[in-house]
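See structure below.
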2 protein chains.
Amino acid sequence: MGKLLIVGTVAFDAIETPFGKTDKILGGAATYIGLSAAQFGLKTGIISVVGGDFPQEYLDMLAEKNIDTSGIEIVKNGKTFFWSGKYHNDLNTRDTLVTDLNVLANFNPVVPKNFMDCDFLMLGNLHPAVQMAVIEQIPVRPKLVVLDTMNFWMDNTWDMLMKVIAKIDVITINDEEARQLSGEYSLVKAAQKIHEMGPKYVVIKKGEHGALLFNEDNVFFAPALPLEEVFDPTGAGDTFAGGFIGYLASTHDISFENMKRAVIYGSNFASFCVEKFGTERMVNLSHQEVQNRLQQFKELTQFEIELS
Amino acid sequence: MGKLLIVGTVAFDAIETPFGKTDKILGGAATYIGLSAAQFGLKTGIISVVGGDFPQEYLDMLAEKNIDTSGIEIVKNGKTFFWSGKYHNDLNTRDTLVTDLNVLANFNPVVPKNFMDCDFLMLGNLHPAVQMAVIEQIPVRPKLVVLDTMNFWMDNTWDMLMKVIAKIDVITINDEEARQLSGEYSLVKAAQKIHEMGPKYVVIKKGEHGALLFNEDNVFFAPALPLEEVFDPTGAGDTFAGGFIGYLASTHDISFENMKRAVIYGSNFASFCVEKFGTERMVNLSHQEVQNRLQQFKELTQFEIELS
C-alpha cells in the first residue's frame with residue numbers, strides 16, 4: 001500500500017444551494033481529497049495552512065481518519081482561507097460571493113520529513129507556484145503525480161502552470177477547463193493537446209455527466225450515478241480526485257485497467273459527497289455503503305453484447 | 001424476427017454547421033429511424049407523406065435497404081415537408097430557419113395492409129393526433145410501441161400528447177423535454193413521473209452526454225462515443241431510436257437486459273450518423289464498422305471491480 005501526500009487548501013466554506021445555506025463550515029480541496037482517499041485506510045498526509053481561528057476539532061476529525069495533519073501549518077495570528085458561493089437552481093453553475101485568501105496568500109508549503117518518501121502525490125487546486133514548490137522538495141520522484149487545477153490559474157499564471165503540467169502524470173480538470181487549456185472544443189482533441197503538454201493521463205470531469213479518462217489511444221468513461229437529489233455539489237471534483245488517487249495508492253498499480261477502477265471509485269465517492277452539505281457525508285461513509293453503490297455502478301454500465 | 005412499422009416525417013433538410021452547408025437533402029425522422037433499423041435486415045415499413053417534388057431515387061434507396069415504402073403517400077401536386085436549421089459552434093444548439101409543413105399539414109396516415117400485423121411500432125416525432133391515428137388502425141396491439149416526441153407538441157397539443165403517452169411502452173425524449181414533460185429537474189424524478197403517465201420504459205437522450213434507460217427501479221446508461229469531430233448532429237436522436245427499436249425487433253426480446261443492448265446499438269449508430277451531413281453515413285455503413293465500434297463501446301465502459 002502506497003503513501004499519499006496531498007497539497008491543497010483547508011478552508012472555511014459558506015454555501016447556499018436551493019436546499020438551504022450554511023454558516024462557515026469545513027471545506028477546502030485538500031480536506032475533500034483527504035477524506036475521500038482516507039476510505040482506503042492509506043497512510044495519507046496533508047500539506048496546507050490555516051489560521052488561529054481553525055477549530056482543533058476539525059484537525060482531530062482528520063487525524064481520526066488516519067490523515068497526518070502535521071503538514072498543516074497553523075498561523076496563530078492569521079485567518080483561515082474563506083470561500084463563499086451560491087449555486088443556481090440547476091446546481092451546475094454558481095456565483096462566488098467571497099474569496100478571502102487570508103493565510104493562503106503567503107503560503108510556503110513544507111513537505112513533512114515522514115512524507116519525503118511518498119510514492120503518490122496529489123497536487124490539489126491552488127497556485128501553481130505552490131504545487132511546484134512541493135514537487136521540488138521531494139528528492140525521489142513519486143510513482144504517480146496527479147494535478148488538479150482550474151481556469152483561474154490558466155487566466156492568471158499560465159507560464160507557471162505550464163511548467164507544473166510538464167512535470168506531472170495525470171491532470172484532472174473539468175470540460176470547460178480542458179477546452180480552455182487546449183483551445184479545442186472536442187474533448188478528444190483537447191485530451192490529445194493536453195497529452196502533448198506532459199501528462200500521460202488526462203481525466204476530464206463533466207459533473208453530472210460523468211468523467212472521461214484518456215491515455216494515448218485508450219479512453220474510458222465513468223458515468224455519474226443518476227441521483228434523485230443533488231444537495232450540494234461543493235467538493236465533488238476533489239472527492240473524485242481523492243477516490244481516484246486513493247484507489248491507485250492503495251493498490252499500488254497504475255496500469256490503465258486499474259485507472260478504470262480508480263475513476264469508478266472517484267465517481268462513486270463523488271456521488272455520496274453531493275448528498276449533504278460540505279464534508280458531512282464523506283465523514284460518515286461506511287464501507288458497506290460504498291460496496292452497495294459499486295454494485296449500482298455495475299448495473300448502470302455493464303452489458304453483454306457478442307461481437308460477430 | 002419482428003415486423004417493424006415506423007410512422008414519421010420523410011423530408012427535405014437544408015443544414016448549416018460550422019463545417020459547411022447543404023442544399024435540400026434527404027431528411028426526416030422516419031428516414032433516419034428506417035435507415036438505422038434497416039441495419040438489422042428486418043421487415044420494416046414506413047408510413048409518411050411526401051410531395052410530387054420528392055425524388056424517386058430516394059424511395060429507391062430506401063427500398064434497396066429493404067424498407068417497404070408503400071406506406072409513403074405521394075401527393076403529386078404538393079410539396080415535401082422542408083426544414084432548415086443552422087447549428088451554433090458548439091453543435092449542441094441550433095436555430096430553425098425554415099419549417100414548411102407543406103403536405104404534412106394534411107397528413108392522414110394509412111397503415112398498409114401488410115403491416116397491420118406489425119409487432120413493433122415506432123411513432124416518430126410528429127403531431128400526436130397522427131401518432132394516435134396509427135395506433136388506432138392496428139387491430140392487435142403490437143408487442144412494443146415506442147414513441148418519440150418533442151417540446152413543440154408539449155407546448156401546443158398537450159392533451160392529445162398525454163393520451164398517446166398513456167398508450168405506449170417506451171418514450172424517447174431528450175433531457176430538457178423530460179424536464180418539461182414532468183416538471184422535475186432531476187432526471188431520476190422526471191423518469192418516475194413519466195412512468196406514471198403510462199410508459200414502462202423511459203429513455204432520456206442527452207446528446208453528447210449519452211442516454212439513460214429507466215424501468216421502475218432499474219437504470220442503465222449508454223455513453224455517447226467521444227468523437228474527434230461531430231460534423232452534423234441532425235438525425236442523431238432518430239438514428240438512436242431506430243437502432244433501439246430495430247435491435248429489439250430483430251431479437252424479439254423486450255427484457256430489460258436486452259434493452260440495455262438496444263440502447264448501446266442506438267448510441268453506436270448515432271455516433272456514425274453525426275460523422276457526415278444528413279443520412280450519408282447511415283446509407284453507407286457496414287456490418288464490420290458497427291462491430292468494430294461495439295468493441296469501442298465495450299472498452300469505453302466495461303470494468304472489473306470485485307465487491308467485498
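Residue numbering restarts at 1 for every chain of the C-alpha cells, chains are lettered A, B, ... in their displayed order, and ligands are numbered from 1 as they appear.
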Next on the checklist: Residues of chain A were defined as contacting chain B if any atom lay at most 8 Å from it, counting only C-alpha atoms; please report them as a ChimeraX atom specification.
Outcome noted: /A:90,185-189,209,219-223,226-229,257,260-261,291,294-295,299-305,307-308
Checklist entry - Could you work out how far atom CA of Phe214 of chain B lies from atom CA of Tyr32 of chain B, giving the answer in Å with one decimal? => result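 One can read the atom CA of Tyr32 of chain B to atom CA of Phe214 of chain B distance as 23.7 Å.
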Item to check | helix (DSSP H, G or I) residues, from DSSP on the backbone, in segment 132-282 of chain B, as a ChimeraX atom specification | outcome: /B:132-137,151-156,158-165,175-182,187-197,207-209,236-251,256-273,280-282
Next on the checklist: I'd like to know which of B:Asn125, B:Lys205, B:Asp232, B:Ala178 is closest to Thr22 of chain B, using only C-alpha atoms.
Outcome noted: B:Asp232
Item to check | Who sits within 8 Å of Thr80 of chain A, only C-alpha atoms, same chain under 5 positions skipped, as a PyMOL selection string | outcome: chain A and resi 10-12+49-54+101-104
With C-alpha atoms retained, could you export that selection as a compact mmCIF listing (two decimals), in the first residue's frame?
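Now in selection.txt:
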# COMPACT_ATOMS: atom_id res chain seq x y z
CA VAL A 10 -8.01 23.56 4.06
CA ALA A 11 -10.67 26.18 4.38
CA PHE A 12 -13.94 27.55 5.64
CA VAL A 49 -2.10 26.27 6.03
CA VAL A 50 -4.85 27.53 8.34
CA GLY A 51 -5.29 30.45 10.75
CA GLY A 52 -5.60 30.58 14.52
CA ASP A 53 -9.37 30.57 14.01
CA PHE A 54 -9.33 26.98 12.72
CA LEU A 101 -7.24 34.22 0.78
CA ASN A 102 -6.07 35.22 4.28
CA VAL A 103 -3.17 32.94 5.35
CA LEU A 104 -3.18 31.27 1.92
Item to check | Spatial neighbours of Asn284 of chain B, 12 Å, only C-alpha atoms, chain gap at least 2 places, as a count of residues only | outcome: 21
Next on the checklist: Neighbouring residues of Ile254 of chain A were defined as those with any atom within 10 Å, considering only C-alpha atoms; residues of the same chain fewer than 6 positions away were excluded. Please report them as a list in words.
Outcome noted: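 My reading of the contact set: Lys143, Leu144, Ile245, Tyr247, Leu248, Lys260 and Ala262 of chain A.
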